[in-house]
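Have a look at the structure below, then the notes.
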Amino acid sequence: MIALKAEILMMVHSTNEEQKSVPFKTRILFGLGCIGFYFAASAGIDKWAEHYSIGFESMVEGCLPYRAYLIKKDIKTANRHDLVFFSSKGMQPIAKDGLPVGKMVMGVAGDKVRIENGQLFINDKYLSSLKYGSDRLGKPINFWDKEYIIPEGKIFVFGTEKKSWDSRYWGLYDISGIRANIQPLF
(Lines give C-alpha, C1' and ligand atoms only; values in the text may rest on other atoms or scores of the structure.)
Protein backbone atom coordinates (compact mmCIF):
# COMPACT_ATOMS: atom_id res chain seq x y z
CA MET A 1 0.00 0.00 0.00
CA ILE A 2 2.87 2.38 0.85
CA ALA A 3 4.52 1.68 -2.51
CA LEU A 4 1.23 2.39 -4.28
CA LYS A 5 0.85 5.76 -2.48
CA ALA A 6 4.45 6.67 -3.30
CA GLU A 7 3.88 5.75 -6.95
CA ILE A 8 0.73 7.87 -7.10
CA LEU A 9 2.61 10.76 -5.49
CA MET A 10 5.39 10.45 -8.10
CA MET A 11 2.88 10.26 -10.99
CA VAL A 12 1.15 13.42 -9.81
CA HIS A 13 4.41 15.33 -9.71
CA SER A 14 6.00 13.79 -12.82
CA THR A 15 4.46 16.37 -15.14
CA ASN A 16 6.06 19.27 -13.30
CA GLU A 17 9.33 20.20 -15.03
CA GLU A 18 11.04 21.20 -11.78
CA GLN A 19 10.17 17.86 -10.18
CA LYS A 20 11.86 15.95 -13.03
CA SER A 21 15.20 17.36 -11.93
CA VAL A 22 14.83 15.87 -8.42
CA PRO A 23 16.46 12.42 -8.27
CA PHE A 24 14.09 9.46 -8.19
CA LYS A 25 15.47 8.20 -4.84
CA THR A 26 14.84 11.62 -3.24
CA ARG A 27 11.25 11.63 -4.49
CA ILE A 28 10.67 8.14 -3.10
CA LEU A 29 12.14 9.07 0.29
CA PHE A 30 10.11 12.28 0.39
CA GLY A 31 6.91 10.39 -0.46
CA LEU A 32 7.59 7.75 2.17
CA GLY A 33 8.36 10.49 4.70
CA CYS A 34 5.03 12.17 3.95
CA ILE A 35 3.18 8.90 4.36
CA GLY A 36 5.04 8.18 7.61
CA PHE A 37 4.24 11.66 8.89
CA TYR A 38 0.55 11.14 8.06
CA PHE A 39 0.40 7.89 10.05
CA ALA A 40 2.39 9.33 12.96
CA ALA A 41 0.17 12.41 13.10
CA SER A 42 -2.95 10.24 13.00
CA ALA A 43 -1.68 8.13 15.88
CA GLY A 44 -0.71 11.29 17.80
CA ILE A 45 -4.16 12.79 17.38
CA ASP A 46 -5.76 9.59 18.66
CA LYS A 47 -3.43 9.59 21.67
CA TRP A 48 -4.12 13.30 22.30
CA ALA A 49 -7.88 12.68 22.13
CA GLU A 50 -7.60 10.05 24.87
CA HIS A 51 -6.50 12.81 27.27
CA TYR A 52 -7.97 16.03 25.87
CA SER A 53 -10.83 17.44 23.88
CA ILE A 54 -12.08 20.87 22.91
CA GLY A 55 -15.41 22.11 24.24
CA PHE A 56 -17.46 25.09 23.14
CA GLU A 57 -20.02 27.08 25.13
CA SER A 58 -23.38 26.45 23.50
CA MET A 59 -25.27 29.24 25.24
CA VAL A 60 -25.13 32.86 24.08
CA GLU A 61 -24.50 33.94 27.66
CA GLY A 62 -22.93 31.08 29.60
CA CYS A 63 -21.76 30.64 33.18
CA LEU A 64 -18.16 31.65 32.55
CA PRO A 65 -16.82 34.43 30.30
CA TYR A 66 -15.18 32.09 27.77
CA ARG A 67 -16.37 30.51 24.52
CA ALA A 68 -13.96 27.56 24.10
CA TYR A 69 -12.17 25.26 26.52
CA LEU A 70 -9.46 22.64 26.55
CA ILE A 71 -10.99 19.71 28.47
CA LYS A 72 -8.28 17.84 30.41
CA LYS A 73 -9.81 14.41 30.95
CA ASP A 74 -7.00 13.06 33.17
CA ILE A 75 -7.02 15.99 35.59
CA LYS A 76 -9.87 16.06 38.10
CA THR A 77 -8.77 18.43 40.84
CA ALA A 78 -11.07 20.56 42.93
CA ASN A 79 -8.94 23.36 44.31
CA ARG A 80 -10.26 26.86 44.80
CA HIS A 81 -10.50 28.67 41.42
CA ASP A 82 -10.07 25.47 39.36
CA LEU A 83 -12.42 25.30 36.40
CA VAL A 84 -14.22 21.96 36.41
CA PHE A 85 -16.39 20.06 33.95
CA PHE A 86 -19.19 17.82 35.21
CA SER A 87 -22.66 16.54 34.34
CA SER A 88 -25.59 18.53 35.66
CA LYS A 89 -27.53 16.97 38.50
CA GLY A 90 -30.42 18.54 40.38
CA MET A 91 -30.29 21.83 38.47
CA GLN A 92 -33.94 21.80 37.40
CA PRO A 93 -35.80 23.78 36.17
CA ILE A 94 -32.82 25.46 34.49
CA ALA A 95 -30.96 22.37 33.22
CA LYS A 96 -31.96 18.73 32.98
CA ASP A 97 -29.71 16.07 34.51
CA GLY A 98 -26.76 14.86 32.44
CA LEU A 99 -25.93 18.06 30.52
CA PRO A 100 -22.23 19.05 30.40
CA VAL A 101 -21.51 22.00 32.70
CA GLY A 102 -18.39 24.05 33.40
CA LYS A 103 -17.98 26.11 36.58
CA MET A 104 -15.31 27.55 38.85
CA VAL A 105 -14.65 25.95 42.24
CA MET A 106 -15.17 28.77 44.76
CA GLY A 107 -15.62 26.79 47.97
CA VAL A 108 -13.84 23.69 49.26
CA ALA A 109 -14.04 21.50 52.38
CA GLY A 110 -13.88 23.62 55.53
CA ASP A 111 -15.03 26.86 53.89
CA LYS A 112 -17.93 28.76 55.43
CA VAL A 113 -20.78 29.60 53.06
CA ARG A 114 -23.30 32.23 54.10
CA ILE A 115 -26.24 33.45 52.06
CA GLU A 116 -27.92 36.34 53.81
CA ASN A 117 -30.67 38.55 52.35
CA GLY A 118 -29.85 37.13 48.92
CA GLN A 119 -26.12 37.97 49.16
CA LEU A 120 -23.49 35.21 48.86
CA PHE A 121 -20.40 35.18 51.08
CA ILE A 122 -17.68 32.51 51.24
CA ASN A 123 -15.36 32.82 54.24
CA ASP A 124 -17.01 36.23 54.87
CA LYS A 125 -15.96 37.53 51.44
CA TYR A 126 -18.83 38.85 49.29
CA LEU A 127 -19.15 37.08 45.93
CA SER A 128 -22.51 37.80 44.39
CA SER A 129 -26.23 38.40 44.65
CA LEU A 130 -28.97 35.84 44.11
CA LYS A 131 -31.20 38.39 42.36
CA TYR A 132 -31.07 36.54 39.02
CA GLY A 133 -32.49 33.35 40.52
CA SER A 134 -35.02 35.29 42.56
CA ASP A 135 -36.32 37.11 39.47
CA ARG A 136 -36.17 34.09 37.16
CA LEU A 137 -37.95 31.69 39.50
CA GLY A 138 -40.25 34.21 41.18
CA LYS A 139 -38.86 33.43 44.65
CA PRO A 140 -38.23 35.96 47.43
CA ILE A 141 -34.61 37.16 47.52
CA ASN A 142 -34.04 35.48 50.90
CA PHE A 143 -35.42 32.10 49.73
CA TRP A 144 -31.91 30.54 49.63
CA ASP A 145 -30.61 32.15 52.86
CA LYS A 146 -28.54 29.71 54.95
CA GLU A 147 -25.15 29.20 56.54
CA TYR A 148 -22.99 26.07 56.56
CA ILE A 149 -19.47 24.65 56.43
CA ILE A 150 -18.59 22.70 53.27
CA PRO A 151 -17.96 19.05 54.23
CA GLU A 152 -15.23 16.76 52.86
CA GLY A 153 -15.97 15.45 49.37
CA LYS A 154 -18.10 18.46 48.38
CA ILE A 155 -17.39 21.71 46.52
CA PHE A 156 -19.22 24.98 45.92
CA VAL A 157 -19.21 25.67 42.17
CA PHE A 158 -19.83 29.14 40.82
CA GLY A 159 -20.33 30.80 37.47
CA THR A 160 -18.88 34.27 37.16
CA GLU A 161 -21.50 35.52 34.70
CA LYS A 162 -24.71 37.26 35.76
CA LYS A 163 -27.07 34.51 34.56
CA SER A 164 -25.17 31.58 36.04
CA TRP A 165 -27.18 28.82 37.70
CA ASP A 166 -24.83 27.31 40.28
CA SER A 167 -24.34 26.22 43.91
CA ARG A 168 -25.99 29.41 45.13
CA TYR A 169 -29.28 27.89 44.03
CA TRP A 170 -28.87 24.10 43.91
CA GLY A 171 -26.27 23.46 46.60
CA LEU A 172 -22.96 21.67 46.84
CA TYR A 173 -21.56 19.27 44.26
CA ASP A 174 -19.78 15.94 44.87
CA ILE A 175 -16.09 16.02 43.96
CA SER A 176 -16.45 12.47 42.63
CA GLY A 177 -18.74 13.85 39.88
CA ILE A 178 -15.98 15.92 38.28
CA ARG A 179 -15.34 14.58 34.78
CA ALA A 180 -12.38 16.82 33.93
CA ASN A 181 -10.70 20.13 34.55
CA ILE A 182 -11.05 22.78 31.86
CA GLN A 183 -8.78 25.53 30.64
CA PRO A 184 -10.19 28.51 28.76
CA LEU A 185 -8.87 28.97 25.22
CA PHE A 186 -10.79 32.13 24.29
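As shown in the C-alpha coordinates, the chain order sets the letters A, B, ...; within each chain, residues go from 1, and ligands are also counted from 1 in the order they appear.
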
**OP:** Pick out the residues sitting within 9 Å of Phe143 of chain A, and hand them over as a ChimeraX atom specification; count only C-alpha atoms, and ignore anything fewer than 5 positions along from it in its own chain.
**Re:** /A:117-118,134

Subject >> Gly102 of chain A environment, 10 Å, only C-alpha atoms, sequence neighbours closer than 5 positions dropped, as number ranges by chain >> reply: A: 55, 57, 62-64, 69, 71, 83-88, 157-159, 166, 178, 180-182

Writing out the chosen residues with N, CA, C and O atoms as a CSV table (one decimal), in the first residue's frame:
chain,number,residue,atom,x,y,z
A,55,GLY,N,-14.0,21.9,24.0
A,55,GLY,CA,-15.4,22.1,24.2
A,55,GLY,C,-15.8,23.5,23.9
A,55,GLY,O,-15.0,24.5,24.1
A,57,GLU,N,-18.8,26.6,24.4
A,57,GLU,CA,-20.0,27.1,25.1
A,57,GLU,C,-21.2,27.2,24.1
A,57,GLU,O,-21.1,27.8,23.1
A,62,GLY,N,-23.2,32.2,28.8
A,62,GLY,CA,-22.9,31.1,29.6
A,62,GLY,C,-22.6,31.4,31.0
A,62,GLY,O,-22.9,32.6,31.5
A,63,CYS,N,-22.1,30.5,31.8
A,63,CYS,CA,-21.8,30.6,33.2
A,63,CYS,C,-20.4,31.3,33.4
A,63,CYS,O,-20.1,31.8,34.5
A,64,LEU,N,-19.5,31.1,32.5
A,64,LEU,CA,-18.2,31.6,32.6
A,64,LEU,C,-17.9,32.5,31.3
A,64,LEU,O,-18.6,32.4,30.3
A,69,TYR,N,-13.0,25.8,25.4
A,69,TYR,CA,-12.2,25.3,26.5
A,69,TYR,C,-11.4,24.0,26.1
A,69,TYR,O,-11.9,23.3,25.2
A,71,ILE,N,-10.5,20.6,27.4
A,71,ILE,CA,-11.0,19.7,28.5
A,71,ILE,C,-9.9,18.7,28.8
A,71,ILE,O,-9.5,17.9,27.9
A,83,LEU,N,-11.2,25.4,37.3
A,83,LEU,CA,-12.4,25.3,36.4
A,83,LEU,C,-12.7,23.8,36.2
A,83,LEU,O,-11.8,23.1,35.8
A,84,VAL,N,-13.9,23.4,36.5
A,84,VAL,CA,-14.2,22.0,36.4
A,84,VAL,C,-15.4,21.7,35.4
A,84,VAL,O,-16.2,22.6,35.2
A,85,PHE,N,-15.4,20.5,34.9
A,85,PHE,CA,-16.4,20.1,33.9
A,85,PHE,C,-17.1,18.9,34.6
A,85,PHE,O,-16.5,17.9,35.0
A,86,PHE,N,-18.4,18.9,34.6
A,86,PHE,CA,-19.2,17.8,35.2
A,86,PHE,C,-20.6,17.7,34.5
A,86,PHE,O,-20.9,18.6,33.7
A,87,SER,N,-21.3,16.7,34.9
A,87,SER,CA,-22.7,16.5,34.3
A,87,SER,C,-23.6,17.2,35.3
A,87,SER,O,-23.5,17.0,36.5
A,88,SER,N,-24.6,17.9,34.8
A,88,SER,CA,-25.6,18.5,35.7
A,88,SER,C,-26.4,17.5,36.4
A,88,SER,O,-26.7,16.4,35.9
A,157,VAL,N,-19.6,25.2,43.5
A,157,VAL,CA,-19.2,25.7,42.2
A,157,VAL,C,-20.0,26.9,41.8
A,157,VAL,O,-21.1,27.1,42.3
A,158,PHE,N,-19.3,27.8,41.0
A,158,PHE,CA,-19.8,29.1,40.8
A,158,PHE,C,-19.6,29.6,39.4
A,158,PHE,O,-18.5,29.3,38.8
A,159,GLY,N,-20.5,30.2,38.8
A,159,GLY,CA,-20.3,30.8,37.5
A,159,GLY,C,-20.2,32.3,37.7
A,159,GLY,O,-20.9,32.9,38.4
A,166,ASP,N,-25.9,28.0,39.7
A,166,ASP,CA,-24.8,27.3,40.3
A,166,ASP,C,-25.2,27.0,41.7
A,166,ASP,O,-26.3,26.9,42.1
A,178,ILE,N,-16.8,15.1,39.2
A,178,ILE,CA,-16.0,15.9,38.3
A,178,ILE,C,-15.5,15.0,37.2
A,178,ILE,O,-14.9,14.0,37.4
A,180,ALA,N,-13.6,16.3,34.5
A,180,ALA,CA,-12.4,16.8,33.9
A,180,ALA,C,-12.2,18.2,34.5
A,180,ALA,O,-13.1,18.9,34.9
A,181,ASN,N,-11.0,18.7,34.3
A,181,ASN,CA,-10.7,20.1,34.6
A,181,ASN,C,-10.7,20.8,33.2
A,181,ASN,O,-10.5,20.1,32.2
A,182,ILE,N,-11.0,22.1,33.1
A,182,ILE,CA,-11.1,22.8,31.9
A,182,ILE,C,-10.1,24.0,31.9
A,182,ILE,O,-9.9,24.6,33.0

Subject >> Residue among A:Asp97, A:Trp48, A:Ile155, A:Gly138 lying closest to His81 of chain A, counting only C-alpha atoms >> reply: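 Ranking A:Asp97, A:Trp48, A:Ile155, A:Gly138 by distance to His81 of chain A, first place goes to A:Ile155.
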
Subject >> Residue among A:Pro65, A:Pro184, A:Gly153, A:Gly98 lying closest to Asn79 of chain A, counting only C-alpha atoms >> reply: A:Gly153

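Among the candidate residues A:Phe24, A:Tyr148, A:Phe56, A:Tyr38, the one lying nearest to Val101 of chain A is A:Phe56, with distances computed using only C-alpha atoms.
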
**OP:** Could you find all residues in segment 20-115 of chain A that DSSP calls strand (DSSP E or B) from the backbone, and write them as a list in words?
**Re:**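 After running DSSP on the backbone, segment 20-115 of chain A has strand (DSSP E or B) at Tyr52, Ser53, Ile54, Gly55, Phe56, Ala68, Tyr69, Leu70, Ile71, Lys72, Leu83, Val84, Phe85, Phe86, Ser87, Pro100, Val101, Gly102, Lys103, Met104, Val105, Met106, Gly107, Lys112, Val113, Arg114 and Ile115 of chain A.
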
**OP:** Name the closest residue to Arg168 of chain A among the candidates A:Ile115, A:Ile45, A:Leu137, A:Ile150; distances are taken between atoms, counting only C-alpha atoms.
**Re:**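 Once distances to Arg168 of chain A are computed over only C-alpha atoms, the minimum belongs to A:Ile115.
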